[in-house]
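> The structure is given below, and queries will be raised subsequently.
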Amino acid sequence: MQYRTLGRTGVQVSTLSLGAMNFGAIGRTTQDEATAIVDAALEGGINLIDTADMYSQGQSEEMVGTAIAGRRGDVVLATKVFNPMGDERNHQGSSRRWIVTELENSLRRLGTDHVDLYQIHRWDPRTSDEETLSALTDLQRAGKIRYFGSSTYPAYRMVQAQWTARERHLGRFVTEQPPYSILQRGIESHVLPVAQEYGMGVLAWSPLGGGFLSGAIRAGRAATSQRAVMMPERFGADTPTGRAKLDAVEKLVAVADDAGLTLIQLALGFVTAHPGVTSAIVGPRTVEHLHSQLAAADTVLSTDVLDRIDEIVSPGVDLAPGDKFDTPPVLLDASLRRR
C-alpha cells in the first residue's frame with residue numbers, strides 16, 4: 001500500500017480507502033461480513049474508512065463503529081452529513097441546527113468521541129457558506145471533528161467556500177470527495193484544478209464506475225450491481241449511456257490485458273495516477289471483492305497505457321453525466337429559477 005498526505009493536513013492516508021456504503025441494508029451486508037471486510041482492509045494497509053449518516057439510515061455507521069471498536073486510533077474515520085434522515089424537514093441539509101444535532105447522532109452510532117473528517121455530502125443551496133463553515137469550525141474547536149470537507153461540490157462552490165472561510169476567518173474545507181473514474185472524467189477540467197490550487201485532499205468515489213470497471217458488467221451480460229438494481233435508468237447497461245460505457249469497457253479490457261493487469265487494477269491505477277487525487281474509495285460488498293481491489297494498491301500505469309486510455313475516453317469527458325449526482329439544484333428545482 002502507498003500513502004499520501006491528505007491535502008495540507010499532514011495526515012497520511014492510504015491511496016485506497018474503504019467506503020462503507022454497502023454496509024447494512026443497501027449492500028445486504030451483515031455485521032460479521034462488514035467486520036471481516038474491515039479486518040481485511042486494515043490488514044491490507046488501508047487506514048481511511050469513509051461512511052455517511054444516510055447509508056442505510058445510520059446502519060453503516062453503526063457497523064463501522066462495531067468493526068473498529070478497540071482500534072479506533074488506527075483508523076482515519078470519515079463520515080458525512082446533508083441527506084435526509086427521516087421525514088422531518090429539518091433533519092437534513094447543512095444548517096448549524098442540523099449539523100450539530102446529526103454529528104452527535106453519528107458519534108453515537110460510530111461509538112467514538114470524534115470524527116477525523118466530517119464532510120458535507122452535497123452543496124446545500126438553501127444554506128449560506130458562512131452558516132455551515134461557522135458550525136463546522138465550532139465543532140472542530142470543541143474537538144468533535146478534526147477536519148472538515150465537501151463532497152461532490154461544483155468547482156465554483158468550492159472556490160466560494162474557500163473565499164468565505166478567508167473573509168470570515170473560519171476554518172476551511174480541506175478535502176473534496178468527487179466522483180472520478182475512467183468513464184467519468186469531467187472533474188479533470190474544473191474540480192481537480194481547483195482542489196490543487198487550494199491544496200485540498202481529494203477522495204475519489206466510484207472509481208470503478210458503478211461496477212462497469214469491475215469486470216462484472218460486460219457486453220451481453222446483465223448489470224447486477226446494487227446501483228444498477230436500484231437505479232437502472234442511471235446505472236443500467238441497457239440505456240444510451242450504459243451502452244456507451246460498455247463500448248468503452250470492451251476497449252479498456254484490451255488495454256488491461258496488454259498491460260498484464262486486471263480491469264480493476266487499470267481503473268484504480270488510473271484514478272490514483274492523477275496528481276490531484278489523494279485516495280480512491282473502494283466499496284466492496286464482500287471480502288473477495290476487496291481482495292481484488294487491494295491488488296491495485298501498488299499499480300502504477302505507464303505513460304503509454306495512460307495515453308491509450310485517453311484515446312478511449314478523452315480527458316475531461318463524462319460518458320454518463322447523470323451518474324455523478326451533481327446536477328446543479330437550480331436545474332432540478334423549478335422554484336429556484338422562477339419568481
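We name chains A, B, ... following the order of the C-alpha cells; residues begin at 1 in each chain, and ligands are numbered from 1 as shown.
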Env of Ser17 (chain A): 7 Å cut, atoms = only C-alpha atoms, seq-sep filter 2 positions within chain, self excluded. Answer as a PDB file with C-alpha atoms, in the first residue's frame.

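out-v4.pdb, freshly written:
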```
ATOM      1  CA  SER A  14      -3.695   5.070   2.055  1.00  0.00           C
ATOM      2  CA  THR A  15      -4.132   5.532  -1.690  1.00  0.00           C
ATOM      3  CA  GLY A  19     -16.070   3.037   1.541  1.00  0.00           C
ATOM      4  CA  ILE A  46      -5.966   0.709   4.241  1.00  0.00           C
ATOM      5  CA  ASN A  47      -6.208   3.242   7.056  1.00  0.00           C
ATOM      6  CA  LEU A  48      -9.091   5.506   5.947  1.00  0.00           C
ATOM      7  CA  ILE A  49     -12.717   4.383   6.276  1.00  0.00           C
ATOM      8  CA  SER A 279      -7.096   8.280  -2.443  1.00  0.00           C
ATOM      9  CA  ALA A 280      -9.624   6.192  -4.362  1.00  0.00           C
ATOM     10  CA  ILE A 281     -12.583   4.951  -2.310  1.00  0.00           C
ATOM     11  CA  VAL A 282     -13.497   1.324  -2.966  1.00  0.00           C
TER      12      VAL A 282
END
```
> Could you list, as a list in words, every residue within 9 Å of Ala195 (chain A), counting only C-alpha atoms and ignoring same-chain residues fewer than 5 positions away?
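The filter keeps Gly7, Ala155, Met158, Val159, Val174, Thr175, Glu176, His190, Met200, Gly201, Val202 and Gly276 of chain A.
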> Restricting the output to all heavy atoms, write the selected residues as an mmCIF file, in the first residue's frame.

```
data_model
loop_
_atom_site.group_PDB
_atom_site.id
_atom_site.type_symbol
_atom_site.label_atom_id
_atom_site.label_comp_id
_atom_site.auth_asym_id
_atom_site.auth_seq_id
_atom_site.Cartn_x
_atom_site.Cartn_y
_atom_site.Cartn_z
ATOM 1 N N GLY A 7 -4.201 16.439 1.587
ATOM 2 C CA GLY A 7 -4.142 17.886 1.413
ATOM 3 C C GLY A 7 -2.952 18.448 2.159
ATOM 4 O O GLY A 7 -1.831 17.954 2.039
ATOM 5 N N ALA A 155 -17.149 23.127 -8.829
ATOM 6 C CA ALA A 155 -15.886 23.842 -8.624
ATOM 7 C C ALA A 155 -16.115 25.263 -8.131
ATOM 8 O O ALA A 155 -15.390 25.753 -7.255
ATOM 9 C CB ALA A 155 -15.082 23.845 -9.921
ATOM 10 N N MET A 158 -16.750 25.311 -4.491
ATOM 11 C CA MET A 158 -15.511 25.078 -3.741
ATOM 12 C C MET A 158 -14.750 26.388 -3.558
ATOM 13 O O MET A 158 -14.268 26.701 -2.465
ATOM 14 C CB MET A 158 -14.637 24.054 -4.482
ATOM 15 C CG MET A 158 -15.218 22.654 -4.556
ATOM 16 S SD MET A 158 -14.342 21.598 -5.749
ATOM 17 C CE MET A 158 -12.690 21.525 -5.032
ATOM 18 N N VAL A 159 -14.666 27.166 -4.638
ATOM 19 C CA VAL A 159 -13.980 28.454 -4.576
ATOM 20 C C VAL A 159 -14.701 29.398 -3.627
ATOM 21 O O VAL A 159 -14.090 30.078 -2.791
ATOM 22 C CB VAL A 159 -13.866 29.084 -5.978
ATOM 23 C CG1 VAL A 159 -13.304 30.500 -5.891
ATOM 24 C CG2 VAL A 159 -12.999 28.224 -6.887
ATOM 25 N N VAL A 174 -10.883 21.204 3.817
ATOM 26 C CA VAL A 174 -9.533 20.752 3.481
ATOM 27 C C VAL A 174 -9.551 19.580 2.511
ATOM 28 O O VAL A 174 -8.492 19.143 2.044
ATOM 29 C CB VAL A 174 -8.736 20.375 4.745
ATOM 30 C CG1 VAL A 174 -8.591 21.581 5.662
ATOM 31 C CG2 VAL A 174 -9.377 19.210 5.482
ATOM 32 N N THR A 175 -10.749 19.052 2.228
ATOM 33 C CA THR A 175 -10.873 17.942 1.281
ATOM 34 C C THR A 175 -12.117 18.124 0.415
ATOM 35 O O THR A 175 -13.042 18.848 0.773
ATOM 36 C CB THR A 175 -11.004 16.582 1.997
ATOM 37 O OG1 THR A 175 -12.177 16.591 2.820
ATOM 38 C CG2 THR A 175 -9.783 16.277 2.840
ATOM 39 N N GLU A 176 -12.116 17.443 -0.719
ATOM 40 C CA GLU A 176 -13.289 17.322 -1.577
ATOM 41 C C GLU A 176 -13.409 15.850 -1.972
ATOM 42 O O GLU A 176 -12.403 15.189 -2.226
ATOM 43 C CB GLU A 176 -13.162 18.208 -2.812
ATOM 44 C CG GLU A 176 -14.068 17.864 -3.996
ATOM 45 C CD GLU A 176 -15.567 17.936 -3.727
ATOM 46 O OE1 GLU A 176 -15.968 18.529 -2.715
ATOM 47 O OE2 GLU A 176 -16.335 17.391 -4.539
ATOM 48 N N HIS A 190 -12.207 21.045 -14.041
ATOM 49 C CA HIS A 190 -12.561 22.124 -13.124
ATOM 50 C C HIS A 190 -12.338 21.760 -11.653
ATOM 51 O O HIS A 190 -11.605 22.447 -10.945
ATOM 52 C CB HIS A 190 -14.010 22.576 -13.341
ATOM 53 C CG HIS A 190 -14.976 21.470 -13.610
ATOM 54 N ND1 HIS A 190 -15.540 20.706 -12.612
ATOM 55 C CD2 HIS A 190 -15.477 20.971 -14.778
ATOM 56 C CE1 HIS A 190 -16.353 19.815 -13.132
ATOM 57 N NE2 HIS A 190 -16.338 19.941 -14.446
ATOM 58 N N MET A 200 -6.264 21.091 -1.446
ATOM 59 C CA MET A 200 -7.254 20.205 -0.838
ATOM 60 C C MET A 200 -6.928 18.746 -1.150
ATOM 61 O O MET A 200 -6.514 18.411 -2.263
ATOM 62 C CB MET A 200 -8.656 20.530 -1.366
ATOM 63 C CG MET A 200 -9.116 21.951 -1.087
ATOM 64 S SD MET A 200 -10.695 22.355 -1.891
ATOM 65 C CE MET A 200 -11.841 21.370 -0.908
ATOM 66 N N GLY A 201 -7.145 17.887 -0.171
ATOM 67 C CA GLY A 201 -7.063 16.461 -0.437
ATOM 68 C C GLY A 201 -8.283 16.025 -1.231
ATOM 69 O O GLY A 201 -9.362 16.610 -1.089
ATOM 70 N N VAL A 202 -8.129 15.025 -2.078
ATOM 71 C CA VAL A 202 -9.236 14.541 -2.919
ATOM 72 C C VAL A 202 -9.428 13.047 -2.696
ATOM 73 O O VAL A 202 -8.502 12.251 -2.893
ATOM 74 C CB VAL A 202 -8.976 14.823 -4.410
ATOM 75 C CG1 VAL A 202 -10.023 14.133 -5.277
ATOM 76 C CG2 VAL A 202 -8.976 16.326 -4.678
ATOM 77 N N GLY A 276 -3.708 15.223 -8.535
ATOM 78 C CA GLY A 276 -4.639 15.886 -7.641
ATOM 79 C C GLY A 276 -5.410 14.949 -6.741
ATOM 80 O O GLY A 276 -6.113 15.389 -5.830
#
```
> List the spatial neighbours of region 57-62 of chain A as a VMD selection string - criterion: any atom at most 12 Å away, only C-alpha atoms, same-chain residues fewer than 4 positions off excluded.
chain A and resid 19 to 31 34 to 35 49 to 53 66 to 69 77 to 81 83 to 87 91 102 to 103 105 to 112 115 283
> The selected residues should be written to file as a short mmCIF file (atom, residue, chain, number, x, y, z; two decimals), in the first residue's frame (atoms: N, CA and C atoms).

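again02.cif, freshly written:
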```
data_model
loop_
_atom_site.label_atom_id
_atom_site.label_comp_id
_atom_site.auth_asym_id
_atom_site.auth_seq_id
_atom_site.Cartn_x
_atom_site.Cartn_y
_atom_site.Cartn_z
N GLY A 19 -14.75 2.41 1.49
CA GLY A 19 -16.07 3.04 1.54
C GLY A 19 -17.08 2.04 2.10
N ALA A 20 -17.91 2.51 3.04
CA ALA A 20 -18.81 1.60 3.75
C ALA A 20 -20.27 1.75 3.32
N MET A 21 -20.51 2.25 2.11
CA MET A 21 -21.89 2.42 1.67
C MET A 21 -22.63 1.08 1.61
N ASN A 22 -21.92 0.01 1.31
CA ASN A 22 -22.57 -1.30 1.19
C ASN A 22 -22.81 -1.99 2.53
N PHE A 23 -22.37 -1.38 3.61
CA PHE A 23 -22.60 -1.99 4.92
C PHE A 23 -24.06 -1.79 5.32
N GLY A 24 -24.75 -2.89 5.61
CA GLY A 24 -26.15 -2.77 6.03
C GLY A 24 -27.11 -3.09 4.91
N ALA A 25 -28.29 -2.49 4.96
CA ALA A 25 -29.39 -2.84 4.05
C ALA A 25 -29.06 -2.60 2.59
N ILE A 26 -28.31 -1.52 2.29
CA ILE A 26 -28.03 -1.21 0.88
C ILE A 26 -27.29 -2.36 0.21
N GLY A 27 -26.27 -2.87 0.86
CA GLY A 27 -25.50 -3.97 0.28
C GLY A 27 -25.87 -5.34 0.81
N ARG A 28 -26.92 -5.38 1.66
CA ARG A 28 -27.37 -6.63 2.28
C ARG A 28 -26.20 -7.30 3.02
N THR A 29 -25.44 -6.47 3.74
CA THR A 29 -24.25 -6.95 4.44
C THR A 29 -24.53 -7.07 5.93
N THR A 30 -24.16 -8.19 6.51
CA THR A 30 -24.34 -8.40 7.94
C THR A 30 -23.16 -7.78 8.71
N GLN A 31 -23.30 -7.69 10.02
CA GLN A 31 -22.21 -7.16 10.84
C GLN A 31 -20.96 -8.02 10.72
N ALA A 34 -19.33 -7.21 7.46
CA ALA A 34 -18.73 -5.88 7.50
C ALA A 34 -17.43 -5.90 8.30
N THR A 35 -17.44 -6.58 9.43
CA THR A 35 -16.24 -6.66 10.27
C THR A 35 -15.12 -7.39 9.54
N ILE A 49 -11.39 4.96 6.49
CA ILE A 49 -12.72 4.38 6.28
C ILE A 49 -13.71 5.53 6.13
N ASP A 50 -14.49 5.49 5.07
CA ASP A 50 -15.45 6.56 4.77
C ASP A 50 -16.87 6.01 4.79
N THR A 51 -17.74 6.68 5.53
CA THR A 51 -19.14 6.30 5.57
C THR A 51 -19.99 7.56 5.52
N ALA A 52 -21.28 7.46 5.83
CA ALA A 52 -22.18 8.61 5.85
C ALA A 52 -23.38 8.26 6.70
N ASP A 53 -23.99 9.30 7.27
CA ASP A 53 -25.16 9.05 8.11
C ASP A 53 -26.30 8.39 7.35
N THR A 66 -18.86 -0.70 15.28
CA THR A 66 -18.64 -2.02 15.90
C THR A 66 -17.37 -2.67 15.37
N ALA A 67 -17.13 -2.53 14.05
CA ALA A 67 -15.98 -3.19 13.43
C ALA A 67 -14.65 -2.60 13.89
N ILE A 68 -14.61 -1.30 14.22
CA ILE A 68 -13.33 -0.68 14.59
C ILE A 68 -13.16 -0.55 16.11
N ALA A 69 -14.13 -1.07 16.87
CA ALA A 69 -14.05 -0.98 18.32
C ALA A 69 -12.74 -1.59 18.81
N LEU A 77 -11.09 8.16 10.36
CA LEU A 77 -12.52 7.91 10.22
C LEU A 77 -13.23 9.11 9.62
N ALA A 78 -13.94 8.88 8.53
CA ALA A 78 -14.65 9.95 7.83
C ALA A 78 -16.13 9.60 7.71
N THR A 79 -16.98 10.59 7.91
CA THR A 79 -18.40 10.41 7.66
C THR A 79 -18.97 11.70 7.07
N LYS A 80 -20.25 11.69 6.75
CA LYS A 80 -20.84 12.80 6.03
C LYS A 80 -22.23 13.13 6.57
N VAL A 81 -22.69 14.35 6.26
CA VAL A 81 -24.00 14.84 6.67
C VAL A 81 -24.59 15.66 5.54
N ASN A 83 -27.88 14.61 3.60
CA ASN A 83 -29.06 13.96 3.05
C ASN A 83 -30.12 13.69 4.12
N PRO A 84 -31.39 13.57 3.71
CA PRO A 84 -32.48 13.40 4.68
C PRO A 84 -32.30 12.18 5.57
N MET A 85 -32.60 12.38 6.85
CA MET A 85 -32.60 11.28 7.82
C MET A 85 -34.00 11.21 8.43
N GLY A 86 -34.97 10.78 7.61
CA GLY A 86 -36.35 10.73 8.05
C GLY A 86 -37.20 11.76 7.34
N ASP A 87 -38.43 11.89 7.77
CA ASP A 87 -39.40 12.76 7.09
C ASP A 87 -39.41 14.20 7.61
N HIS A 91 -34.43 17.67 9.32
CA HIS A 91 -33.46 16.61 9.56
C HIS A 91 -32.68 16.33 8.28
N GLU A 102 -26.85 16.25 14.12
CA GLU A 102 -26.55 14.99 13.45
C GLU A 102 -25.14 14.49 13.73
N LEU A 103 -24.20 15.39 14.00
CA LEU A 103 -22.88 14.92 14.38
C LEU A 103 -22.97 14.11 15.67
N ASN A 105 -25.47 12.38 16.66
CA ASN A 105 -26.05 11.08 16.29
C ASN A 105 -25.00 10.18 15.65
N SER A 106 -24.18 10.75 14.77
CA SER A 106 -23.13 9.96 14.11
C SER A 106 -22.10 9.46 15.12
N LEU A 107 -21.70 10.32 16.05
CA LEU A 107 -20.73 9.90 17.06
C LEU A 107 -21.28 8.74 17.89
N ARG A 108 -22.56 8.83 18.22
CA ARG A 108 -23.19 7.75 18.99
C ARG A 108 -23.18 6.45 18.18
N ARG A 109 -23.58 6.53 16.92
CA ARG A 109 -23.62 5.32 16.09
C ARG A 109 -22.22 4.74 15.86
N LEU A 110 -21.24 5.62 15.71
CA LEU A 110 -19.87 5.17 15.46
C LEU A 110 -19.16 4.73 16.73
N GLY A 111 -19.71 5.07 17.88
CA GLY A 111 -19.10 4.68 19.14
C GLY A 111 -17.79 5.37 19.41
N THR A 112 -17.70 6.66 19.06
CA THR A 112 -16.46 7.41 19.25
C THR A 112 -16.79 8.80 19.74
N VAL A 115 -14.75 12.58 15.07
CA VAL A 115 -14.60 12.12 13.69
C VAL A 115 -13.38 12.83 13.11
N GLY A 283 -15.68 0.35 -2.57
CA GLY A 283 -16.83 -0.02 -1.75
C GLY A 283 -17.21 -1.47 -1.89
#
```
> Kindly give the distance, in Å, that separates CA of Ile309 (chain A) and CA of Pro193 (chain A), rounded to a single decimal.
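Going from CA of Ile309 (chain A) over to CA of Pro193 (chain A), I get 20.2 Å.
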> Which of these residues is nearest to Val191 (chain A), using only C-alpha atoms: A:Gly44, A:Gly316, A:Gly242, A:Gly211?
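The shortest atom-to-atom distance to Val191 (chain A) comes from A:Gly316.
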